[in-house]
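Enquirer: Structure file work-v6.cif (mmCIF, C-alpha atoms and all ligand atoms; chains and numbers go by the auth columns) is given on the next line.
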```cif
data_upload
loop_
_atom_site.group_PDB
_atom_site.id
_atom_site.type_symbol
_atom_site.label_atom_id
_atom_site.label_comp_id
_atom_site.label_asym_id
_atom_site.label_seq_id
_atom_site.Cartn_x
_atom_site.Cartn_y
_atom_site.Cartn_z
_atom_site.B_iso_or_equiv
_atom_site.auth_seq_id
_atom_site.auth_asym_id
ATOM 1 C CA MET A 1 92.294 102.895 103.113 0.00 1 H
ATOM 2 C CA ILE A 2 89.717 100.285 103.859 0.00 2 H
ATOM 3 C CA ALA A 3 87.093 102.979 103.412 0.00 3 H
ATOM 4 C CA ILE A 4 88.342 103.750 99.899 0.00 4 H
ATOM 5 C CA TYR A 5 88.347 100.099 99.058 0.00 5 H
ATOM 6 C CA CYS A 6 84.898 99.476 100.460 0.00 6 H
ATOM 7 C CA ARG A 7 83.403 102.519 98.792 0.00 7 H
ATOM 8 C CA SER A 8 84.529 101.566 95.322 0.00 8 H
ATOM 9 C CA LYS A 9 84.317 97.806 95.651 0.00 9 H
ATOM 10 C CA HIS A 10 81.267 97.312 97.793 0.00 10 H
ATOM 11 C CA GLY A 11 79.437 100.549 97.101 0.00 11 H
ATOM 12 C CA SER A 12 79.220 101.544 100.722 0.00 12 H
ATOM 13 C CA VAL A 13 78.440 105.209 101.295 0.00 13 H
ATOM 14 C CA LYS A 14 79.057 106.316 104.841 0.00 14 H
ATOM 15 C CA GLU A 15 79.813 103.188 106.772 0.00 15 H
ATOM 16 C CA LEU A 16 81.926 100.203 105.922 0.00 16 H
ATOM 17 C CA CYS A 17 80.122 97.049 104.950 0.00 17 H
ATOM 18 C CA SER A 18 80.162 94.373 107.613 0.00 18 H
ATOM 19 C CA SER A 19 83.079 92.406 106.222 0.00 19 H
ATOM 20 C CA CYS A 20 85.231 95.517 105.815 0.00 20 H
ATOM 21 C CA ALA A 21 84.308 96.701 109.290 0.00 21 H
ATOM 22 C CA LEU A 22 85.451 93.346 110.577 0.00 22 H
ATOM 23 C CA LEU A 23 88.694 93.576 108.663 0.00 23 H
ATOM 24 C CA ARG A 24 89.339 97.051 110.041 0.00 24 H
ATOM 25 C CA GLN A 25 88.686 95.923 113.562 0.00 25 H
ATOM 26 C CA TYR A 26 91.021 93.010 113.054 0.00 26 H
ATOM 27 C CA ALA A 27 93.761 95.227 111.663 0.00 27 H
ATOM 28 C CA LEU A 28 93.541 97.617 114.608 0.00 28 H
ATOM 29 C CA GLN A 29 93.625 94.742 117.015 0.00 29 H
ATOM 30 C CA ARG A 30 96.723 93.304 115.367 0.00 30 H
ATOM 31 C CA LEU A 31 98.402 96.666 115.502 0.00 31 H
ATOM 32 C CA GLU A 32 97.779 96.867 119.214 0.00 32 H
ATOM 33 C CA ARG A 33 99.271 93.481 119.794 0.00 33 H
ATOM 34 C CA CYS A 34 102.187 93.852 117.440 0.00 34 H
ATOM 35 C CA PRO A 35 105.357 93.345 119.522 0.00 35 H
ATOM 36 C CA PHE A 36 107.063 96.211 117.723 0.00 36 H
ATOM 37 C CA GLY A 37 104.357 98.672 118.751 0.00 37 H
ATOM 38 C CA GLU A 38 105.030 102.212 117.581 0.00 38 H
ATOM 39 C CA GLU A 39 108.571 101.333 116.597 0.00 39 H
ATOM 40 C CA LYS A 40 107.331 98.800 114.180 0.00 40 H
ATOM 41 C CA PRO A 41 108.581 98.862 110.603 0.00 41 H
ATOM 42 C CA ALA A 42 106.107 98.790 107.733 0.00 42 H
ATOM 43 C CA CYS A 43 104.060 95.648 107.892 0.00 43 H
ATOM 44 C CA ALA A 44 105.642 94.436 104.670 0.00 44 H
ATOM 45 C CA ALA A 45 108.981 94.447 106.444 0.00 45 H
ATOM 46 C CA CYS A 46 107.604 93.110 109.685 0.00 46 H
ATOM 47 C CA THR A 47 109.270 89.883 110.678 0.00 47 H
ATOM 48 C CA VAL A 48 106.336 88.740 112.719 0.00 48 H
ATOM 49 C CA HIS A 49 103.557 87.564 110.511 0.00 49 H
ATOM 50 C CA CYS A 50 100.868 88.821 112.752 0.00 50 H
ATOM 51 C CA TYR A 51 97.979 88.393 110.343 0.00 51 H
ATOM 52 C CA LYS A 52 96.136 85.174 109.931 0.00 52 H
ATOM 53 C CA SER A 53 96.622 84.166 106.328 0.00 53 H
ATOM 54 C CA ASP A 54 93.083 84.836 105.105 0.00 54 H
ATOM 55 C CA MET A 55 93.042 88.260 106.730 0.00 55 H
ATOM 56 C CA ARG A 56 96.475 88.962 105.319 0.00 56 H
ATOM 57 C CA MET A 57 95.191 88.201 101.845 0.00 57 H
ATOM 58 C CA LYS A 58 92.320 90.610 102.340 0.00 58 H
ATOM 59 C CA ILE A 59 94.517 93.352 103.722 0.00 59 H
ATOM 60 C CA LYS A 60 96.935 92.886 100.859 0.00 60 H
ATOM 61 C CA GLU A 61 94.119 93.253 98.378 0.00 61 H
ATOM 62 C CA VAL A 62 92.901 96.392 100.111 0.00 62 H
ATOM 63 C CA MET A 63 96.393 97.894 100.103 0.00 63 H
ATOM 64 C CA ARG A 64 96.958 97.035 96.484 0.00 64 H
ATOM 65 C CA PHE A 65 93.646 98.525 95.524 0.00 65 H
ATOM 66 C CA ALA A 66 93.658 101.597 97.727 0.00 66 H
ATOM 67 C CA GLY A 67 97.373 102.413 97.647 0.00 67 H
ATOM 68 C CA PRO A 68 97.503 104.106 94.229 0.00 68 H
ATOM 69 C CA ARG A 69 94.110 105.711 94.812 0.00 69 H
ATOM 70 C CA MET A 70 95.346 107.128 98.097 0.00 70 H
ATOM 71 C CA LEU A 71 98.127 108.877 96.236 0.00 71 H
ATOM 72 C CA PHE A 72 95.612 110.328 93.848 0.00 72 H
ATOM 73 C CA LEU A 73 92.890 111.251 96.315 0.00 73 H
ATOM 74 C CA TYR A 74 94.974 112.401 99.239 0.00 74 H
ATOM 75 C CA PRO A 75 98.456 113.058 97.862 0.00 75 H
ATOM 76 C CA VAL A 76 99.569 115.007 100.914 0.00 76 H
ATOM 77 C CA ASP A 77 98.455 112.328 103.328 0.00 77 H
ATOM 78 C CA ALA A 78 99.923 109.594 101.190 0.00 78 H
ATOM 79 C CA ILE A 79 103.291 111.274 100.863 0.00 79 H
ATOM 80 C CA ARG A 80 103.382 112.069 104.534 0.00 80 H
ATOM 81 C CA HIS A 81 102.579 108.463 105.240 0.00 81 H
ATOM 82 C CA LEU A 82 105.292 107.192 102.900 0.00 82 H
ATOM 83 C CA TYR A 83 107.797 109.567 104.382 0.00 83 H
ATOM 84 C CA ARG A 84 106.966 108.472 107.885 0.00 84 H
ATOM 85 C CA GLU A 85 107.181 104.817 106.934 0.00 85 H
ATOM 86 C CA HIS A 86 110.489 105.446 105.268 0.00 86 H
ATOM 87 C CA ARG A 87 111.910 107.169 108.308 0.00 87 H
ATOM 88 C CA ARG A 88 110.534 104.550 110.586 0.00 88 H
ATOM 89 C CA ASN A 89 112.132 101.812 108.531 0.00 89 H
ATOM 90 C CA ARG A 90 115.438 103.618 108.524 0.00 90 H
ATOM 91 C CA ASN A 91 115.384 104.099 112.270 0.00 91 H
ATOM 92 C CA TYR A 92 114.476 100.517 112.703 0.00 92 H
ATOM 93 C CA THR A 93 117.318 99.251 110.536 0.00 93 H
ATOM 94 C CA ALA A 94 119.740 101.621 112.225 0.00 94 H
ATOM 95 C CA LYS A 95 118.700 100.263 115.566 0.00 95 H
ATOM 96 C CA ILE A 96 119.344 96.706 114.501 0.00 96 H
ATOM 97 C CA LYS A 97 122.786 97.705 113.285 0.00 97 H
ATOM 98 C CA THR A 98 123.683 99.362 116.581 0.00 98 H
ATOM 99 C CA ASN A 99 122.534 96.300 118.411 0.00 99 H
ATOM 100 C CA GLN A 100 124.674 94.092 116.229 0.00 100 H
ATOM 101 C CA ASP A 101 127.724 96.274 116.684 0.00 101 H
ATOM 102 C CA ARG A 102 127.663 95.760 120.392 0.00 102 H
HETATM 103 ZN ZN ZN B . 83.297 96.461 102.071 0.00 201 H
#
```
What's the structure tokens form of this structure?

Expert:
Amino acid sequence: MIAIYCRSKHGSVKELCSSCALLRQYALQRLERCPFGEEKPACAACTVHCYKSDMRMKIKEVMRFAGPRMLFLYPVDAIRHLYREHRRNRNYTAKIKTNQDR
């Protein structure tokens, strides 16, 4: 997604520009350290605000920009992604419910 954003916003061709490369690195790093790991819900639903606010702003902008384009450029990937997120969120909520029932 960052690649889409960078290509249309910063005119990069093959590689990300330095600031987008930095953002990508940061995002991957955050993902690694996220306490929810693979079980994590979508970041929008994440209770831990793991992004520093300036980076969060940037990521948000990237998502807002690239999201609809993703759907258009790679509809299969985008739908698969949405589906996975949806399932992940459902599993996550279900898990919380089971925990609360106990
Ligand atoms: Zn860029």

Enquirer: Given a cut-off of 6 Å, what residues near ligand ZN 201 (chain H) show up using all atoms listed in the file, put as a list in words?

Expert: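 Going residue by residue within 6 Å of ligand ZN 201 (chain H), we get Cys6, His10, Leu16, Cys17, Ser19 and Cys20 of chain H.
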
Enquirer: Counting only C-alpha atoms, note down every residue that has an atom within 10 Å of the point (91.5, 91.3, 112.4) (file coordinates), as a PDB file with C-alpha atoms, in the frame of the given file.

Expert:
```
ATOM      1  CA  ALA H  21      84.308  96.701 109.290  1.00  0.00           C
ATOM      2  CA  LEU H  22      85.451  93.346 110.577  1.00  0.00           C
ATOM      3  CA  LEU H  23      88.694  93.576 108.663  1.00  0.00           C
ATOM      4  CA  ARG H  24      89.339  97.051 110.041  1.00  0.00           C
ATOM      5  CA  GLN H  25      88.686  95.923 113.562  1.00  0.00           C
ATOM      6  CA  TYR H  26      91.021  93.010 113.054  1.00  0.00           C
ATOM      7  CA  ALA H  27      93.761  95.227 111.663  1.00  0.00           C
ATOM      8  CA  LEU H  28      93.541  97.617 114.608  1.00  0.00           C
ATOM      9  CA  GLN H  29      93.625  94.742 117.015  1.00  0.00           C
ATOM     10  CA  ARG H  30      96.723  93.304 115.367  1.00  0.00           C
ATOM     11  CA  LEU H  31      98.402  96.666 115.502  1.00  0.00           C
ATOM     12  CA  CYS H  50     100.868  88.821 112.752  1.00  0.00           C
ATOM     13  CA  TYR H  51      97.979  88.393 110.343  1.00  0.00           C
ATOM     14  CA  LYS H  52      96.136  85.174 109.931  1.00  0.00           C
ATOM     15  CA  ASP H  54      93.083  84.836 105.105  1.00  0.00           C
ATOM     16  CA  MET H  55      93.042  88.260 106.730  1.00  0.00           C
ATOM     17  CA  ARG H  56      96.475  88.962 105.319  1.00  0.00           C
ATOM     18  CA  ILE H  59      94.517  93.352 103.722  1.00  0.00           C
TER      19      ILE H  59
END
```

Enquirer: Restricting the calculation to all atoms listed in the file: of H:Ser53, H:Ala78, H:Ala66, H:Ser18, which residue gets closest to Tyr5 (chain H)?

Expert: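 Going through H:Ser53, H:Ala78, H:Ala66, H:Ser18 one by one, the smallest distance to Tyr5 (chain H) is for H:Ala66.
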
Enquirer: Work out where the centre of an axis-aligned box around every listed atom of region 1-7 of chain H lies and how long its edges are once 6 Å is added on each side; give both in Å to one decimal as JSON.

Expert:
```
{"center_x": 87.8, "center_y": 101.6, "center_z": 101.3, "size_x": 20.9, "size_y": 16.3, "size_z": 17.1}
```

Enquirer: Could you list the residues chosen by the PyMOL selection byres (((chain H and resi 70) around 12) and not hetatm) in this structure as a PyMOL selection string?

Expert: chain H and resi 1-5+62-69+71-82

Enquirer: Hey, can you check how far CA of Glu32 (chain H) sits from CA of Glu85 (chain H)?

Expert: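 According to the coordinates, CA of Glu32 (chain H) and CA of Glu85 (chain H) are separated by 17.4 Å.
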
Enquirer: Any idea what the distance is between CA of Tyr83 (chain H) and CA of Lys97 (chain H)?

Expert: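 Separation between CA of Tyr83 (chain H) and CA of Lys97 (chain H): 21.1 Å.
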
Enquirer: By how many Å are CA of Lys58 (chain H) and CA of Asn91 (chain H) apart?

Expert: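 Going from CA of Lys58 (chain H) over to CA of Asn91 (chain H) covers 28.5 Å.
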